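Input: a single structure, listed below in structure tokens.
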Amino acid sequence: MTRHVNMRCDLHDDPFDCPDALIRFSAKFQEYGLIIHDGGTSSSSIDFCPWCGTRLPESQRDRWFEELERRGIDPWEDEVPAEFEDERWLATSENATS
């Protein structure tokens with residue numbers, strides 16, 4: 001799985017433009033998806049590795065929205081803090097709940 005997520009193409013900077021790129025990983029949500037090559041940036045979330053069947057880590061998408069709501073931030077209307085654009089928010093939200 002790691003090899004597919006980290007695959008870099010010499011011809012395409014964006015994995016959504018590369019027909020050989022199959023998997024995307026969202027650090028923000030800690031979720032994996034199969035890239036849908038339809039000209040956009042869509043992907044279909046997956047819970048298991050397509051090659052070995054291992055269960056993948058649970059998505060943190062709901063928790064991401066809950067943490068923003070707890071802080072009074074509307075991600076559709078307000079500016080989202082930079083640490084919420086990747087996995088950094090997980091460490092700060094865990095410290096806040098401890």
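Going through the structure tokens in order, the chains are called A, B, and so on, while each chain numbers its residues from 1 and the ligands are numbered from 1 in the order shown.
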Within 12 Å of region 54-56 of chain A using only C-alpha atoms, minus same-chain residues under 5 positions, as number ranges by chain: A: 1-2, 25, 30-33, 45-49
What does the file look like for those residues with all heavy atoms, as a short mmCIF file (atom, residue, chain, number, x, y, z; two decimals), in the first residue's frame?
data_model
loop_
_atom_site.label_atom_id
_atom_site.label_comp_id
_atom_site.auth_asym_id
_atom_site.auth_seq_id
_atom_site.Cartn_x
_atom_site.Cartn_y
_atom_site.Cartn_z
N MET A 1 0.84 -1.19 0.00
CA MET A 1 0.00 0.00 0.00
C MET A 1 0.89 1.26 0.00
O MET A 1 0.61 2.19 -0.76
CB MET A 1 -0.92 -0.03 1.21
CG MET A 1 -1.86 1.13 1.28
SD MET A 1 -3.04 1.23 -0.04
CE MET A 1 -4.35 0.31 0.62
N THR A 2 1.90 1.26 0.83
CA THR A 2 2.78 2.43 0.92
C THR A 2 3.41 2.75 -0.44
O THR A 2 3.49 3.91 -0.83
CB THR A 2 3.88 2.19 1.97
OG1 THR A 2 3.26 1.95 3.23
CG2 THR A 2 4.80 3.38 2.10
N PHE A 25 -3.92 8.99 -0.35
CA PHE A 25 -4.03 8.98 1.11
C PHE A 25 -4.27 10.41 1.56
O PHE A 25 -3.55 11.32 1.17
CB PHE A 25 -2.75 8.44 1.75
CG PHE A 25 -2.75 8.54 3.24
CD1 PHE A 25 -3.56 7.72 4.00
CD2 PHE A 25 -1.97 9.49 3.89
CE1 PHE A 25 -3.59 7.81 5.38
CE2 PHE A 25 -1.99 9.59 5.27
CZ PHE A 25 -2.79 8.75 6.02
N GLN A 30 -6.88 10.81 7.46
CA GLN A 30 -6.30 9.49 7.71
C GLN A 30 -7.08 8.41 6.99
O GLN A 30 -7.42 7.38 7.55
CB GLN A 30 -6.22 9.20 9.21
CG GLN A 30 -5.33 10.15 9.98
CD GLN A 30 -3.86 9.97 9.64
OE1 GLN A 30 -3.29 8.93 9.90
NE2 GLN A 30 -3.27 10.98 9.04
N GLU A 31 -7.39 8.67 5.71
CA GLU A 31 -8.16 7.69 4.94
C GLU A 31 -7.55 7.47 3.56
O GLU A 31 -6.91 8.35 3.00
CB GLU A 31 -9.64 8.07 4.84
CG GLU A 31 -9.93 9.35 4.12
CD GLU A 31 -11.40 9.76 4.20
OE1 GLU A 31 -12.14 9.29 5.08
OE2 GLU A 31 -11.80 10.58 3.37
N TYR A 32 -7.78 6.27 3.06
CA TYR A 32 -7.28 5.84 1.76
C TYR A 32 -8.43 5.79 0.78
O TYR A 32 -9.57 5.54 1.16
CB TYR A 32 -6.66 4.45 1.86
CG TYR A 32 -5.40 4.40 2.69
CD1 TYR A 32 -5.46 4.26 4.07
CD2 TYR A 32 -4.15 4.49 2.09
CE1 TYR A 32 -4.30 4.22 4.83
CE2 TYR A 32 -2.99 4.44 2.84
CZ TYR A 32 -3.07 4.31 4.21
OH TYR A 32 -1.93 4.26 4.96
N GLY A 33 -8.10 5.99 -0.50
CA GLY A 33 -9.13 5.90 -1.52
C GLY A 33 -8.57 5.47 -2.85
O GLY A 33 -7.38 5.67 -3.14
N SER A 45 -13.45 5.98 -1.10
CA SER A 45 -12.82 5.52 0.14
C SER A 45 -12.82 4.01 0.24
O SER A 45 -13.79 3.35 -0.18
CB SER A 45 -13.54 6.10 1.36
OG SER A 45 -13.38 7.49 1.38
N ILE A 46 -11.75 3.48 0.80
CA ILE A 46 -11.63 2.03 1.00
C ILE A 46 -11.26 1.74 2.44
O ILE A 46 -10.61 2.55 3.10
CB ILE A 46 -10.60 1.40 0.03
CG1 ILE A 46 -9.23 2.06 0.17
CG2 ILE A 46 -11.10 1.47 -1.39
CD1 ILE A 46 -8.14 1.41 -0.67
N ASP A 47 -11.70 0.60 2.94
CA ASP A 47 -11.41 0.19 4.31
C ASP A 47 -10.39 -0.93 4.40
O ASP A 47 -9.90 -1.24 5.48
CB ASP A 47 -12.70 -0.27 5.00
CG ASP A 47 -13.71 0.87 5.17
OD1 ASP A 47 -13.28 2.01 5.43
OD2 ASP A 47 -14.91 0.61 5.03
N PHE A 48 -10.10 -1.55 3.25
CA PHE A 48 -9.17 -2.68 3.21
C PHE A 48 -8.18 -2.49 2.08
O PHE A 48 -8.52 -1.93 1.03
CB PHE A 48 -9.93 -4.00 3.00
CG PHE A 48 -10.86 -4.33 4.12
CD1 PHE A 48 -12.17 -3.88 4.10
CD2 PHE A 48 -10.42 -5.07 5.21
CE1 PHE A 48 -13.03 -4.17 5.15
CE2 PHE A 48 -11.27 -5.35 6.26
CZ PHE A 48 -12.58 -4.90 6.24
N CYS A 49 -6.96 -2.98 2.26
CA CYS A 49 -5.94 -2.93 1.22
C CYS A 49 -6.41 -3.81 0.06
O CYS A 49 -6.76 -4.97 0.26
CB CYS A 49 -4.61 -3.46 1.77
SG CYS A 49 -3.35 -3.63 0.48
#
Mind checking which residues fall within 9 Å of region 84-95 of chain A, counting only C-alpha atoms, ignoring those fewer than 2 positions away in the same chain, and posting them as a PyMOL selection string? chain A and resi 26-30+60+64+67-68+80-82+97-98
Give me, as a PyMOL selection string, all polymer residues having an atom no more than 10 Å from region 9-22 of chain A, counting only C-alpha atoms and skipping those fewer than 2 positions away in the same chain. chain A and resi 4-7+24+33-43
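Scanning region 32-75 of chain A with DSSP on the backbone, the strand (DSSP E) assignments fall on Tyr32, Gly33, Leu34, Ile35, Ser43, Ser44, Ser45 and Ile46 of chain A.
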So that I can check the secondary structure, give me every residue of chain A assigned alpha helix (DSSP H) by backbone DSSP, as a PyMOL selection string. chain A and resi 2-5+61-70+88-97
Keeping only C-alpha atoms, write those residues as a PDB file, in the first residue's frame.
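Output below, filename again_31.pdb:
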ATOM      1  CA  THR A   2       2.781   2.429   0.918  1.00  0.00           C
ATOM      2  CA  ARG A   3       4.444   1.927  -2.467  1.00  0.00           C
ATOM      3  CA  HIS A   4       1.220   2.824  -4.275  1.00  0.00           C
ATOM      4  CA  VAL A   5       0.484   5.853  -2.079  1.00  0.00           C
ATOM      5  CA  ARG A  61     -13.182  12.419   8.857  1.00  0.00           C
ATOM      6  CA  ASP A  62     -16.047  12.626  11.404  1.00  0.00           C
ATOM      7  CA  ARG A  63     -13.615  13.421  14.206  1.00  0.00           C
ATOM      8  CA  TRP A  64     -12.061  16.213  12.059  1.00  0.00           C
ATOM      9  CA  PHE A  65     -15.456  17.900  11.666  1.00  0.00           C
ATOM     10  CA  GLU A  66     -16.306  17.344  15.358  1.00  0.00           C
ATOM     11  CA  GLU A  67     -13.034  18.936  16.468  1.00  0.00           C
ATOM     12  CA  LEU A  68     -13.612  21.991  14.278  1.00  0.00           C
ATOM     13  CA  GLU A  69     -17.154  22.290  15.615  1.00  0.00           C
ATOM     14  CA  ARG A  70     -15.843  21.999  19.193  1.00  0.00           C
ATOM     15  CA  ARG A  88      -1.088  17.720  12.904  1.00  0.00           C
ATOM     16  CA  TRP A  89      -4.617  18.315  14.220  1.00  0.00           C
ATOM     17  CA  LEU A  90      -4.736  14.745  15.546  1.00  0.00           C
ATOM     18  CA  ALA A  91      -1.943  15.462  18.028  1.00  0.00           C
ATOM     19  CA  THR A  92      -3.486  18.760  19.172  1.00  0.00           C
ATOM     20  CA  SER A  93      -6.985  17.279  19.565  1.00  0.00           C
ATOM     21  CA  GLU A  94      -5.620  14.294  21.510  1.00  0.00           C
ATOM     22  CA  ASN A  95      -3.827  16.674  23.876  1.00  0.00           C
ATOM     23  CA  ALA A  96      -7.018  18.705  24.326  1.00  0.00           C
ATOM     24  CA  THR A  97      -9.008  15.625  25.323  1.00  0.00           C
TER      25      THR A  97
END
